[in-house]
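For reference, the structure is listed below as structure tokens.
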Amino acid sequence: MTYRAPVPDIVFTMRHVAGLDRAAADGVYGDLSADLAATILEEAGRFANDVIAPLNREGDRHGVTLKGGAVTTAPGWKQAYKAWTEAGWNALPGPVEYGGQGLPTLLNSACVEMWNSASMAFGIGPVLTMGAIEALVQHASDDLKSRYLEKLVSGEWTATMNLTEPQAGSDLAAIRSRAERAGDGTYRITGQKIFITYGEHDLTDNIVHLVLARLPDAPAGTRGISLFLVPKFLADGTRNDVRCHSIEHKLGIHASPTCTMIFGDNDGAIGWLVGEENRGLACMFTMMNNARLAVGLQGVAIAERAYQQALSYANERKQGRAIGAADGMSPIVVHPDVQRNLLTMKALTAAARAICYMTAEAIDRAHLEEDPARRKKANERASLLTPVAKAFSTDIGVEVASLGVQVHGGMGYIEETGAAQHFRDARIAPIYEGTNGIQAIDLVTRKLPLSGGETVRVQIASMRATVARLLKEGTPAFGATAPRLRDAIESLDRATSYLLQVVSSNAQGEALAGATPYLRLFALAQGGAALAEMALAAQAQAAAGDADPAHAGRIALCRFFAENIAVGAKGLEDTVMSGAGFLQDATLALAS
């Protein structure tokens, strides 16, 4: 079974949870209307369905090859990328002054989800180029912008992000790559970088590497890191002193070339400074924050595709006899345990999608609001939601893909069905662009204290407002949705108050111990509230005469999430508020 882009669900989430209609009414999105957005997404969905998705299995089987320093991508990959850029998809969010369409992050996020559902190995490459464009727009000199942005925006060239080294994974303070001033405004870069996505490939004529390195007189730690633009080919067509040493042999996303890169075999790779010396990490974080939302969308993407495949299989596969069935075997979709698995898959996917799209809309407002105070509030809201979008969505990507294997039974463990590929592909997303543990620490120690805790309090208040609307409706179809979500939100509120106090008192052990369960708790409360917003909108449209059968399904899905998933919030609250107790005995437990 191949992929079919769920454009109606995507558009509904954008309009009724992320706030597309509200932003359009506020003038934030210029001439972009909900109808125009839907039209664009229909076209994107067709491209994802018809061009990218059919390549996914072949790309997984074939992988990439490295010969003589050159990487060849899987059959059909180059042609698909050419068609994708010619259709203008790479330029969708790019700045207009460099040939882009200047469309919002929210719209592009929906496209990113579809590209990655169709093939995560394909979709991950453009994500890095788009992040590099944002970093260069904000931090590069006018000269670098004029030389590189137009070709990056069009997709004629791609870009990479070079952070990690063998001895420096998430700890960027341990970076050893060096940069020497050449005296002519350029620098000579030497060093080794690992896990470089699309570090070498045959899709484009040039590749622009953004590289973190240290100057000889740089201060120690992360304060001494600078960012450099290092192209594969220089302006005169000569090859720069940078090469792919090897291709990583990975668990998943086999068709994505993940490279070990060597800079400076000879005199050093020629590079140009981006931003200021010793301020490279701030520049790179512009790219990384863009990438973190995109990686969250990859979690949603894999979850959606795994769900679609599992649902199709469950409708076709016959095993056992359903309760009340006359004779013969029944499709497994009618068995309660399979239904529970499928509903869990669908509900987690919908909740994660909503959180990611909410994050994207907040990013748009942070850039596009005219009032500085509104921009600040939007930026803080985006900052609060980004680690949740990245970590929760990638966690559930793995969980949903695993449930997809389970629904397939033994056939899920066989590569031929494709269910195993989704599980393998999904597993990297909780690791890269900052592990999910790092995201949780960032949420608790840096994002909760924003504006003295006011940012998170406002977010919790919006969740409570949703529950108040549910209680006012009192519709039987919602079941126990309102009280269950109310309990989850109150657990979140108590855990938030506890962590704000812990962080302010500098009790780092307690904060770090509770970070990961707190992020999950936040996501369950926020995800449940988001599904409730969709359910309320569906109920209102049905009451107004809209006969779309999806409306009843949205209400039922919200109820399932509240009554079966959000109920885990109380246990997470308890873990957050007492979890640090294990630290005293952790060494003994691990050593035994």
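Simple scheme: letters A, B, ... for chains in structure tokens order, numbers from 1 for residues in each chain, numbers from 1 for ligands in the order shown.
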
Report as a PyMOL selection string all protein, DNA and RNA residues lying within 10 Å of A:Leu471, evaluated on only C-alpha atoms, omitting residues in the same chain fewer than 3 positions from it. chain A and resi 465-468+474-475+478+480-483+486

Next, write the just-selected residues to a file, as a compact mmCIF listing (two decimals), in the first residue's frame, keeping N, CA and C atoms as the atom set.
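And here is the file that came out, selection-v3.txt:
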```txt
# COMPACT_ATOMS: atom_id res chain seq x y z
N ALA A 465 -9.43 27.01 28.81
CA ALA A 465 -10.54 27.62 28.09
C ALA A 465 -11.20 26.62 27.16
N THR A 466 -10.41 25.75 26.57
CA THR A 466 -10.98 24.71 25.70
C THR A 466 -11.86 23.77 26.51
N VAL A 467 -11.39 23.35 27.68
CA VAL A 467 -12.18 22.47 28.53
C VAL A 467 -13.47 23.16 28.97
N ALA A 468 -13.40 24.44 29.26
CA ALA A 468 -14.61 25.18 29.65
C ALA A 468 -15.64 25.13 28.53
N GLY A 474 -21.59 20.01 26.75
CA GLY A 474 -22.26 18.90 27.42
C GLY A 474 -22.85 17.87 26.48
N THR A 475 -22.25 17.68 25.31
CA THR A 475 -22.78 16.74 24.33
C THR A 475 -22.43 15.30 24.71
N PHE A 478 -19.20 13.36 23.54
CA PHE A 478 -17.88 13.63 24.10
C PHE A 478 -17.56 12.75 25.31
N ALA A 480 -16.53 11.30 28.61
CA ALA A 480 -15.80 11.88 29.75
C ALA A 480 -14.63 12.75 29.29
N THR A 481 -14.69 13.25 28.06
CA THR A 481 -13.58 14.04 27.52
C THR A 481 -13.23 15.23 28.42
N ALA A 482 -14.24 16.01 28.78
CA ALA A 482 -13.98 17.24 29.55
C ALA A 482 -13.32 16.95 30.90
N PRO A 483 -13.88 16.06 31.73
CA PRO A 483 -13.22 15.82 33.02
C PRO A 483 -11.84 15.19 32.89
N ARG A 486 -9.53 17.96 31.81
CA ARG A 486 -9.36 18.87 32.95
C ARG A 486 -8.36 18.31 33.95
```

Mind checking which residues fall within 8 Å of A:Ser246, counting only C-alpha atoms, ignoring those fewer than 5 positions away in the same chain, and posting them as a ChimeraX atom specification? /A:66,259-261

Would you list the contacts of stretch 348-355 of chain A as number ranges by chain, taking every protein, DNA or RNA residue within 8 Å and counting only C-alpha atoms, but skipping same-chain residues closer than 2 positions in sequence? A: 13-14, 17-18, 297, 300, 303-304, 344-346, 357-359, 385, 388-389, 392-393, 396-397, 400, 523, 526-528, 530-531, 561

Store the residues of this selection in a file with N, CA and C atoms, as a tab-separated table (two decimals), in the first residue's frame.
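Okay, this is what ended up in part20.tsv:
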```
chain	number	residue	atom	x	y	z
A	13	THR	N	-6.79	20.82	10.64
A	13	THR	CA	-5.92	21.12	11.78
A	13	THR	C	-5.35	22.52	11.66
A	14	MET	N	-4.92	22.90	10.48
A	14	MET	CA	-4.37	24.23	10.27
A	14	MET	C	-5.40	25.31	10.59
A	17	VAL	N	-7.05	24.51	14.72
A	17	VAL	CA	-6.16	24.39	15.88
A	17	VAL	C	-5.00	25.38	15.75
A	18	ALA	N	-4.30	25.32	14.63
A	18	ALA	CA	-3.12	26.18	14.46
A	18	ALA	C	-3.49	27.65	14.30
A	297	LEU	N	7.99	17.26	12.55
A	297	LEU	CA	7.08	16.92	11.46
A	297	LEU	C	7.43	15.58	10.83
A	300	VAL	N	5.61	13.07	12.85
A	300	VAL	CA	4.21	13.03	12.41
A	300	VAL	C	4.09	12.29	11.09
A	303	ALA	N	4.50	8.54	11.42
A	303	ALA	CA	3.34	8.02	12.13
A	303	ALA	C	2.13	7.93	11.21
A	304	GLU	N	1.91	8.97	10.41
A	304	GLU	CA	0.78	8.97	9.47
A	304	GLU	C	0.90	7.83	8.47
A	344	THR	N	-5.05	4.34	18.87
A	344	THR	CA	-3.89	4.95	19.52
A	344	THR	C	-2.97	5.57	18.49
A	345	MET	N	-2.72	4.85	17.41
A	345	MET	CA	-1.89	5.36	16.33
A	345	MET	C	-2.46	6.66	15.76
A	346	LYS	N	-3.75	6.64	15.46
A	346	LYS	CA	-4.38	7.80	14.83
A	346	LYS	C	-4.43	8.99	15.78
A	357	TYR	N	1.87	22.14	14.14
A	357	TYR	CA	1.28	23.24	13.37
A	357	TYR	C	1.08	24.46	14.25
A	358	MET	N	0.73	24.27	15.52
A	358	MET	CA	0.64	25.40	16.45
A	358	MET	C	2.00	26.09	16.57
A	359	THR	N	3.05	25.29	16.63
A	359	THR	CA	4.40	25.84	16.71
A	359	THR	C	4.73	26.65	15.46
A	385	LEU	N	6.93	25.91	22.64
A	385	LEU	CA	6.35	24.75	21.96
A	385	LEU	C	7.36	23.94	21.15
A	388	VAL	N	8.68	20.68	22.61
A	388	VAL	CA	7.58	19.73	22.73
A	388	VAL	C	7.25	19.15	21.35
A	389	ALA	N	7.19	20.02	20.34
A	389	ALA	CA	6.90	19.56	18.98
A	389	ALA	C	7.95	18.57	18.52
A	392	PHE	N	8.03	15.19	21.45
A	392	PHE	CA	6.82	14.38	21.50
A	392	PHE	C	6.52	13.76	20.14
A	393	SER	N	6.62	14.55	19.09
A	393	SER	CA	6.27	14.04	17.76
A	393	SER	C	7.20	12.92	17.31
A	396	ILE	N	6.41	9.75	19.43
A	396	ILE	CA	5.21	9.01	18.98
A	396	ILE	C	5.41	8.45	17.58
A	397	GLY	N	6.32	9.05	16.79
A	397	GLY	CA	6.63	8.45	15.50
A	397	GLY	C	7.14	7.04	15.66
A	400	VAL	N	4.16	4.82	17.19
A	400	VAL	CA	3.13	4.50	16.20
A	400	VAL	C	3.66	3.52	15.16
A	523	ALA	N	2.75	17.53	26.56
A	523	ALA	CA	2.24	17.13	25.25
A	523	ALA	C	0.87	16.46	25.36
A	526	GLN	N	-1.59	19.36	26.07
A	526	GLN	CA	-1.74	20.22	24.91
A	526	GLN	C	-2.34	19.46	23.73
A	527	GLY	N	-1.91	18.24	23.52
A	527	GLY	CA	-2.46	17.44	22.43
A	527	GLY	C	-3.94	17.15	22.63
A	528	GLY	N	-4.32	16.84	23.88
A	528	GLY	CA	-5.73	16.60	24.16
A	528	GLY	C	-6.57	17.84	23.93
A	530	ALA	N	-5.88	20.25	21.89
A	530	ALA	CA	-5.91	20.50	20.45
A	530	ALA	C	-6.96	19.62	19.76
A	531	LEU	N	-7.00	18.35	20.14
A	531	LEU	CA	-8.02	17.46	19.56
A	531	LEU	C	-9.42	17.90	19.96
A	561	PHE	N	-8.70	9.82	22.86
A	561	PHE	CA	-7.45	10.37	23.40
A	561	PHE	C	-7.63	10.75	24.87
```

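Taking only C-alpha atoms into account, A:Gly275 lies nearest to A:Leu229 out of the set A:Ala70, A:Leu229, A:Ala121, A:Ala382.
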
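Each of A:Glu277, A:Glu43, A:Asp487, A:Glu150 was compared to A:Pro219 using only C-alpha atoms, and A:Glu277 turns out to be the nearest.
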
Might you pull out every residue within 10 Å of A:Ser170, with only C-alpha atoms counted and same-chain residues fewer than 3 positions away left off, and present them as a list of chain:residue names? A:Leu163, A:Thr164, A:Glu165, A:Gln167, A:Ala173, A:Ala174, A:Ile431, A:Tyr432, A:Glu433, A:Gly434, A:Thr435, A:Ile438

Okay, now the selection with N, CA and C atoms, as a PDB file, in the first residue's frame?
```pdb
ATOM      1  N   LEU A 163      27.957  19.925  12.334  1.00  0.00           N
ATOM      2  CA  LEU A 163      28.207  20.151  13.746  1.00  0.00           C
ATOM      3  C   LEU A 163      29.038  19.025  14.352  1.00  0.00           C
ATOM      4  N   THR A 164      28.513  17.809  14.253  1.00  0.00           N
ATOM      5  CA  THR A 164      28.990  16.686  15.052  1.00  0.00           C
ATOM      6  C   THR A 164      30.364  16.195  14.613  1.00  0.00           C
ATOM      7  N   GLU A 165      31.165  15.813  15.604  1.00  0.00           N
ATOM      8  CA  GLU A 165      32.479  15.211  15.378  1.00  0.00           C
ATOM      9  C   GLU A 165      32.564  13.937  16.208  1.00  0.00           C
ATOM     10  N   GLN A 167      34.274  12.933  18.680  1.00  0.00           N
ATOM     11  CA  GLN A 167      34.364  13.121  20.123  1.00  0.00           C
ATOM     12  C   GLN A 167      33.335  14.123  20.638  1.00  0.00           C
ATOM     13  N   ALA A 173      30.870  21.934  22.847  1.00  0.00           N
ATOM     14  CA  ALA A 173      32.077  22.530  23.424  1.00  0.00           C
ATOM     15  C   ALA A 173      33.319  21.715  23.102  1.00  0.00           C
ATOM     16  N   ALA A 174      33.132  20.447  22.738  1.00  0.00           N
ATOM     17  CA  ALA A 174      34.263  19.553  22.459  1.00  0.00           C
ATOM     18  C   ALA A 174      34.708  19.584  21.002  1.00  0.00           C
ATOM     19  N   ILE A 431      16.738  11.236  18.049  1.00  0.00           N
ATOM     20  CA  ILE A 431      18.163  11.402  18.360  1.00  0.00           C
ATOM     21  C   ILE A 431      18.725  12.676  17.758  1.00  0.00           C
ATOM     22  N   TYR A 432      18.461  12.900  16.455  1.00  0.00           N
ATOM     23  CA  TYR A 432      19.173  14.033  15.847  1.00  0.00           C
ATOM     24  C   TYR A 432      18.478  15.370  16.062  1.00  0.00           C
ATOM     25  N   GLU A 433      19.244  16.441  15.748  1.00  0.00           N
ATOM     26  CA  GLU A 433      18.833  17.829  16.015  1.00  0.00           C
ATOM     27  C   GLU A 433      18.593  18.070  17.502  1.00  0.00           C
ATOM     28  N   GLY A 434      19.396  17.457  18.335  1.00  0.00           N
ATOM     29  CA  GLY A 434      19.248  17.569  19.787  1.00  0.00           C
ATOM     30  C   GLY A 434      18.383  16.431  20.285  1.00  0.00           C
ATOM     31  N   THR A 435      18.972  15.484  21.012  1.00  0.00           N
ATOM     32  CA  THR A 435      18.208  14.341  21.498  1.00  0.00           C
ATOM     33  C   THR A 435      16.983  14.806  22.273  1.00  0.00           C
ATOM     34  N   ILE A 438      17.609  16.238  25.627  1.00  0.00           N
ATOM     35  CA  ILE A 438      18.075  17.630  25.578  1.00  0.00           C
ATOM     36  C   ILE A 438      16.899  18.576  25.359  1.00  0.00           C
TER      37      ILE A 438
END
```
